[in-house]
Amino acid sequence: MDQKSTVQRDGGVLNVTGSIAIASRIFAPEPAAASFRLTALANALSRAGAHTVVITSTFDAAPEGVRGAVDENVVVRRFPVLRNRDGYVRGYLQYMSFDVPLAFRLLFARGIEAVVVEPPPTTAAVVRAVCAIRRIPYFYYAADIWADASTTVASGFVVRVVRALEGWGLRGARGVLSVSATVTRRLSELGISERVLEVGNGVDTELFSHEGAVHPHDAPYFLYAGTASEVHGATIFVDALRLVRQTHPHARIVFVGQGSDRSELEQRGAQLGDDAVEFLPRVPPARVAEMLRPAVASLASVKPGVGYDLAFPTKLYASVACGTPAVFAGAGPGAQFVADLDAGWVASYDCAEVAHAMTAALDAQRTESDRSALAVRAAKAVSITSIAHAGAQFIIDSTFDARASDEPPARNTTP
């Protein structure tokens, strides 16, 4: 892995021998919010001059040679892991199947100068231990607070263990990238306030854009794209659809993806008739964009009172970038995001209110001009490229500035 890179500095160029590694169980082209932000970060690091290596898992839907949106200069190294029945690396055994080989790969890989780690906390704990042995820094990409989320599905003992691992991983990091003001505030409450950079979050606005192919359809539909878990409470939309179809009998919902609530969603959807609710497996991001563009609106929710009201459904970014308005239900910062961007309808987590919002979306009949204007506003607010650039610069500065101060400044050889 030994490499020679050049990183731009205010006074010249710093020669960097080695790599910045990104350690994550999930990466492009696997469709997920983590894949989008880590792909953008890897590309930004590479474009800034740092040799970048991604250590991740194999993905069955991505044969060898399929790179997604990853720059050619980024090296992606994959190894097999256990996945659950839905195809996700989620669960204690699944995490262990990634974390144990990762420890050896990081420990014996040559030329790594820093590591960026994506949760779960078990992976962060492995990275902290290995980086301590190698005496190199690491950075924690905090997309959310896992211990808070685990309160909905785990025992008190497990939550305490997760919180201890997460806190240990966060405290040892040279820097923490936060995706939102809500996460930053929660980090501060947990005693992690220094070395935190709030970079925000976003989506690839070239992939998710108003212009492009559209999914063929013969009836108006709402699209729910992404994980449907106990945190999201997406069943509220199926229940609301029963009321919506009293005045709009052809309205439908299309669910794309998996999640712990999938079987419950299917059962409730079947009660509405064969054509009311459609379920599709995970599909490539480009296909999601095609399905978003003609949709009446996207659907996103965060179920209140389950211990994770700070969650932000990143599917909202993809929707508005395509110019598609959203119906948001429940708690968290998603409601403010939709309101600030004039991007759709907000409802409390109540069946009647959600049905009213969905009906309003059907009646609104936003024009192509309206959708184009929303996409333009979104491109300025949620472009993941600028977000990744800020994160990459923070990592590079924090990694190499100390060493650069001990080296003579590079001479400018420009005539």
# chains A, B, ... in the order shown; residues from 1 in each chain; ligands from 1
>>> residues_around(residues="range 176-191 of chain A", least_positions_apart="4", cutoff="9 Å", atoms="only C-alpha atoms", output="list in words")
Phe139, Tyr140, Tyr141, Ala142, Ala143, Asp144, Ile145, Gly167, Leu170, Arg171, Arg195, Val196, Leu197, Glu198, Val199, Gly200, Asn201, Gly202, Leu310, Ala311, Phe312, Gly332, Pro333, Gly391 and Phe394 of chain A
>>> closest_residue(among="A:Cys131, A:Val74, A:Leu280, A:Ala388", to="Gly49 in chain A", atoms="only C-alpha atoms")
A:Val74
>>> select_by_dssp(residues="range 110-350 of chain A", states="strand (DSSP E)", output="ChimeraX atom specification")
/A:112-117,138-142,175-178,196-198,221-225,252-256,277-280,297-302,326-330,344-347
>>> closest_residue(among="A:His210, A:Arg25, A:Lys315, A:His250", to="Gly91 in chain A", atoms="only C-alpha atoms")
A:Arg25
>>> atom_distance(atom1="CA of Ala352 in chain A", atom2="CA of Asp239 in chain A")
9.0 Å
>>> atom_distance(atom1="CA of Asp86 in chain A", atom2="CA of Pro31 in chain A")
13.3 Å
>>> residues_around(residues="range 20-23 of chain A", least_positions_apart="6", cutoff="6 Å", atoms="only C-alpha atoms", output="mmCIF file with all heavy atoms, in the first residue's frame")
data_model
loop_
_atom_site.group_PDB
_atom_site.id
_atom_site.type_symbol
_atom_site.label_atom_id
_atom_site.label_comp_id
_atom_site.auth_asym_id
_atom_site.auth_seq_id
_atom_site.Cartn_x
_atom_site.Cartn_y
_atom_site.Cartn_z
ATOM 1 N N THR A 52 -6.005 7.330 -1.325
ATOM 2 C CA THR A 52 -7.154 6.885 -0.534
ATOM 3 C C THR A 52 -7.452 5.417 -0.791
ATOM 4 O O THR A 52 -7.556 4.981 -1.941
ATOM 5 C CB THR A 52 -8.399 7.724 -0.876
ATOM 6 O OG1 THR A 52 -8.077 9.117 -0.755
ATOM 7 C CG2 THR A 52 -9.541 7.396 0.063
ATOM 8 N N VAL A 53 -7.587 4.657 0.305
ATOM 9 C CA VAL A 53 -7.895 3.233 0.240
ATOM 10 C C VAL A 53 -9.157 2.975 1.057
ATOM 11 O O VAL A 53 -9.259 3.425 2.201
ATOM 12 C CB VAL A 53 -6.744 2.377 0.787
ATOM 13 C CG1 VAL A 53 -7.130 0.894 0.799
ATOM 14 C CG2 VAL A 53 -5.483 2.583 -0.034
ATOM 15 N N VAL A 54 -10.112 2.287 0.478
ATOM 16 C CA VAL A 54 -11.348 1.931 1.170
ATOM 17 C C VAL A 54 -11.303 0.434 1.494
ATOM 18 O O VAL A 54 -11.095 -0.389 0.599
ATOM 19 C CB VAL A 54 -12.591 2.246 0.322
ATOM 20 C CG1 VAL A 54 -13.862 1.852 1.071
ATOM 21 C CG2 VAL A 54 -12.617 3.721 -0.056
ATOM 22 N N ILE A 55 -11.481 0.109 2.761
ATOM 23 C CA ILE A 55 -11.523 -1.290 3.193
ATOM 24 C C ILE A 55 -12.968 -1.588 3.569
ATOM 25 O O ILE A 55 -13.504 -1.051 4.537
ATOM 26 C CB ILE A 55 -10.582 -1.534 4.389
ATOM 27 C CG1 ILE A 55 -9.157 -1.107 4.031
ATOM 28 C CG2 ILE A 55 -10.614 -2.995 4.801
ATOM 29 C CD1 ILE A 55 -8.183 -1.193 5.188
ATOM 30 N N ILE A 112 -0.313 3.127 5.941
ATOM 31 C CA ILE A 112 -1.504 3.876 6.331
ATOM 32 C C ILE A 112 -1.114 4.987 7.309
ATOM 33 O O ILE A 112 -0.431 4.740 8.300
ATOM 34 C CB ILE A 112 -2.553 2.957 6.975
ATOM 35 C CG1 ILE A 112 -3.109 1.987 5.938
ATOM 36 C CG2 ILE A 112 -3.694 3.768 7.584
ATOM 37 C CD1 ILE A 112 -4.130 1.018 6.493
ATOM 38 N N GLU A 113 -1.533 6.204 7.014
ATOM 39 C CA GLU A 113 -1.206 7.344 7.865
ATOM 40 C C GLU A 113 -2.381 7.777 8.730
ATOM 41 O O GLU A 113 -2.190 8.461 9.743
ATOM 42 C CB GLU A 113 -0.777 8.519 6.983
ATOM 43 C CG GLU A 113 0.382 8.195 6.057
ATOM 44 C CD GLU A 113 1.535 9.162 6.232
ATOM 45 O OE1 GLU A 113 1.563 9.875 7.247
ATOM 46 O OE2 GLU A 113 2.384 9.199 5.346
ATOM 47 N N ALA A 114 -3.595 7.427 8.342
ATOM 48 C CA ALA A 114 -4.780 7.781 9.125
ATOM 49 C C ALA A 114 -5.937 6.907 8.656
ATOM 50 O O ALA A 114 -5.920 6.377 7.536
ATOM 51 C CB ALA A 114 -5.133 9.254 8.968
ATOM 52 N N VAL A 115 -6.953 6.766 9.513
ATOM 53 C CA VAL A 115 -8.118 5.941 9.201
ATOM 54 C C VAL A 115 -9.377 6.755 9.468
ATOM 55 O O VAL A 115 -9.459 7.482 10.464
ATOM 56 C CB VAL A 115 -8.144 4.649 10.049
ATOM 57 C CG1 VAL A 115 -9.379 3.805 9.712
ATOM 58 C CG2 VAL A 115 -6.874 3.842 9.847
ATOM 59 N N VAL A 116 -10.340 6.645 8.572
ATOM 60 C CA VAL A 116 -11.679 7.196 8.785
ATOM 61 C C VAL A 116 -12.605 6.008 9.022
ATOM 62 O O VAL A 116 -12.638 5.080 8.210
ATOM 63 C CB VAL A 116 -12.164 8.009 7.568
ATOM 64 C CG1 VAL A 116 -13.564 8.573 7.836
ATOM 65 C CG2 VAL A 116 -11.189 9.114 7.224
ATOM 66 N N VAL A 117 -13.343 6.039 10.128
ATOM 67 C CA VAL A 117 -14.193 4.898 10.463
ATOM 68 C C VAL A 117 -15.652 5.307 10.488
ATOM 69 O O VAL A 117 -16.028 6.357 10.992
ATOM 70 C CB VAL A 117 -13.787 4.267 11.824
ATOM 71 C CG1 VAL A 117 -13.924 5.264 12.963
ATOM 72 C CG2 VAL A 117 -14.610 3.008 12.102
#
>>> atom_distance(atom1="CA of Glu118 in chain A", atom2="CA of Leu165 in chain A")
13.4 Å
>>> closest_residue(among="A:Glu230, A:Asp60, A:Glu266, A:Glu72", to="Thr151 in chain A", atoms="only C-alpha atoms")
A:Glu230
>>> closest_residue(among="A:Gln271, A:Thr235, A:Gln258, A:Ser319", to="Lys303 in chain A", atoms="only C-alpha atoms")
A:Thr235
>>> closest_residue(among="A:Glu353, A:Val214, A:Thr205, A:Pro121", to="Trp168 in chain A", atoms="only C-alpha atoms")
A:Pro121
>>> residues_around(residues="Val283 in chain A", least_positions_apart="5", cutoff="12 Å", atoms="only C-alpha atoms", output="MDAnalysis selection string")
chainID A and resid 29:32 61:62 225:226 255:258 288:291
>>> write_last_selection(atoms="N, CA and C atoms", output="mmCIF file, in the first residue's frame")
data_model
loop_
_atom_site.group_PDB
_atom_site.id
_atom_site.type_symbol
_atom_site.label_atom_id
_atom_site.label_comp_id
_atom_site.auth_asym_id
_atom_site.auth_seq_id
_atom_site.Cartn_x
_atom_site.Cartn_y
_atom_site.Cartn_z
ATOM 1 N N PRO A 29 -20.999 0.267 -4.698
ATOM 2 C CA PRO A 29 -22.300 0.766 -5.141
ATOM 3 C C PRO A 29 -23.485 0.279 -4.316
ATOM 4 N N GLU A 30 -23.248 -0.251 -3.120
ATOM 5 C CA GLU A 30 -24.366 -0.678 -2.285
ATOM 6 C C GLU A 30 -25.218 0.541 -1.926
ATOM 7 N N PRO A 31 -26.521 0.525 -2.209
ATOM 8 C CA PRO A 31 -27.345 1.712 -2.005
ATOM 9 C C PRO A 31 -27.649 1.957 -0.527
ATOM 10 N N ALA A 32 -27.134 3.051 -0.001
ATOM 11 C CA ALA A 32 -27.379 3.451 1.383
ATOM 12 C C ALA A 32 -26.805 4.843 1.584
ATOM 13 N N ALA A 61 -24.467 -7.811 -5.336
ATOM 14 C CA ALA A 61 -25.049 -7.147 -6.513
ATOM 15 C C ALA A 61 -24.025 -6.320 -7.267
ATOM 16 N N ALA A 62 -22.777 -6.344 -6.790
ATOM 17 C CA ALA A 62 -21.725 -5.560 -7.432
ATOM 18 C C ALA A 62 -20.579 -6.478 -7.834
ATOM 19 N N ALA A 225 -38.393 5.068 -0.282
ATOM 20 C CA ALA A 225 -37.150 4.423 -0.708
ATOM 21 C C ALA A 225 -36.171 4.369 0.456
ATOM 22 N N GLY A 226 -35.805 3.155 0.864
ATOM 23 C CA GLY A 226 -34.828 3.025 1.939
ATOM 24 C C GLY A 226 -35.329 2.112 3.035
ATOM 25 N N PHE A 255 -42.810 0.745 -2.066
ATOM 26 C CA PHE A 255 -41.720 0.646 -1.096
ATOM 27 C C PHE A 255 -40.510 0.000 -1.774
ATOM 28 N N VAL A 256 -39.361 0.636 -1.630
ATOM 29 C CA VAL A 256 -38.121 0.094 -2.188
ATOM 30 C C VAL A 256 -37.131 -0.099 -1.049
ATOM 31 N N GLY A 257 -36.659 -1.318 -0.852
ATOM 32 C CA GLY A 257 -35.692 -1.573 0.206
ATOM 33 C C GLY A 257 -36.185 -2.634 1.166
ATOM 34 N N GLN A 258 -35.498 -2.711 2.306
ATOM 35 C CA GLN A 258 -35.815 -3.724 3.300
ATOM 36 C C GLN A 258 -35.974 -3.050 4.654
ATOM 37 N N VAL A 288 -33.481 4.405 -8.266
ATOM 38 C CA VAL A 288 -34.266 5.163 -7.296
ATOM 39 C C VAL A 288 -34.577 6.553 -7.843
ATOM 40 N N ALA A 289 -33.580 7.182 -8.462
ATOM 41 C CA ALA A 289 -33.793 8.509 -9.048
ATOM 42 C C ALA A 289 -34.875 8.453 -10.126
ATOM 43 N N GLU A 290 -34.844 7.424 -10.946
ATOM 44 C CA GLU A 290 -35.867 7.279 -11.988
ATOM 45 C C GLU A 290 -37.262 7.145 -11.396
ATOM 46 N N MET A 291 -37.355 6.487 -10.247
ATOM 47 C CA MET A 291 -38.653 6.294 -9.604
ATOM 48 C C MET A 291 -39.107 7.537 -8.844
#
>>> residues_around(residues="Gly233 in chain A", least_positions_apart="2", cutoff="10 Å", atoms="only C-alpha atoms", output="NGL selection string")
:A and (228-231 or 235-237 or 261 or 265 or 300-304 or 306 or 329-330 or 349)
>>> write_last_selection(atoms="C-alpha atoms", output="PDB file, in the first residue's frame")
ATOM      1  CA  ALA A 228     -38.210   0.739   6.972  1.00  0.00           C
ATOM      2  CA  SER A 229     -37.365  -0.106  10.575  1.00  0.00           C
ATOM      3  CA  GLU A 230     -38.928   0.348  13.989  1.00  0.00           C
ATOM      4  CA  VAL A 231     -37.288   3.776  14.161  1.00  0.00           C
ATOM      5  CA  THR A 235     -46.621   1.554   8.654  1.00  0.00           C
ATOM      6  CA  ILE A 236     -48.337   4.905   9.245  1.00  0.00           C
ATOM      7  CA  PHE A 237     -48.315   5.508   5.479  1.00  0.00           C
ATOM      8  CA  ASP A 261     -40.929  -3.592   9.490  1.00  0.00           C
ATOM      9  CA  LEU A 265     -45.909  -3.511   5.923  1.00  0.00           C
ATOM     10  CA  ALA A 300     -40.330   9.753   5.036  1.00  0.00           C
ATOM     11  CA  SER A 301     -41.016   9.336   8.732  1.00  0.00           C
ATOM     12  CA  VAL A 302     -39.480   9.117  12.186  1.00  0.00           C
ATOM     13  CA  LYS A 303     -41.682   7.475  14.796  1.00  0.00           C
ATOM     14  CA  PRO A 304     -41.754   9.647  17.929  1.00  0.00           C
ATOM     15  CA  VAL A 306     -39.012   5.376  20.599  1.00  0.00           C
ATOM     16  CA  ALA A 329     -44.466  12.391   9.301  1.00  0.00           C
ATOM     17  CA  GLY A 330     -43.318  12.285  12.894  1.00  0.00           C
ATOM     18  CA  TYR A 349     -47.435  10.866  13.532  1.00  0.00           C
TER      19      TYR A 349
END
>>> residues_around(residues="Arg78 in chain A", least_positions_apart="2", cutoff="7 Å", atoms="only C-alpha atoms", output="number ranges by chain")
A: 55-58, 76, 80
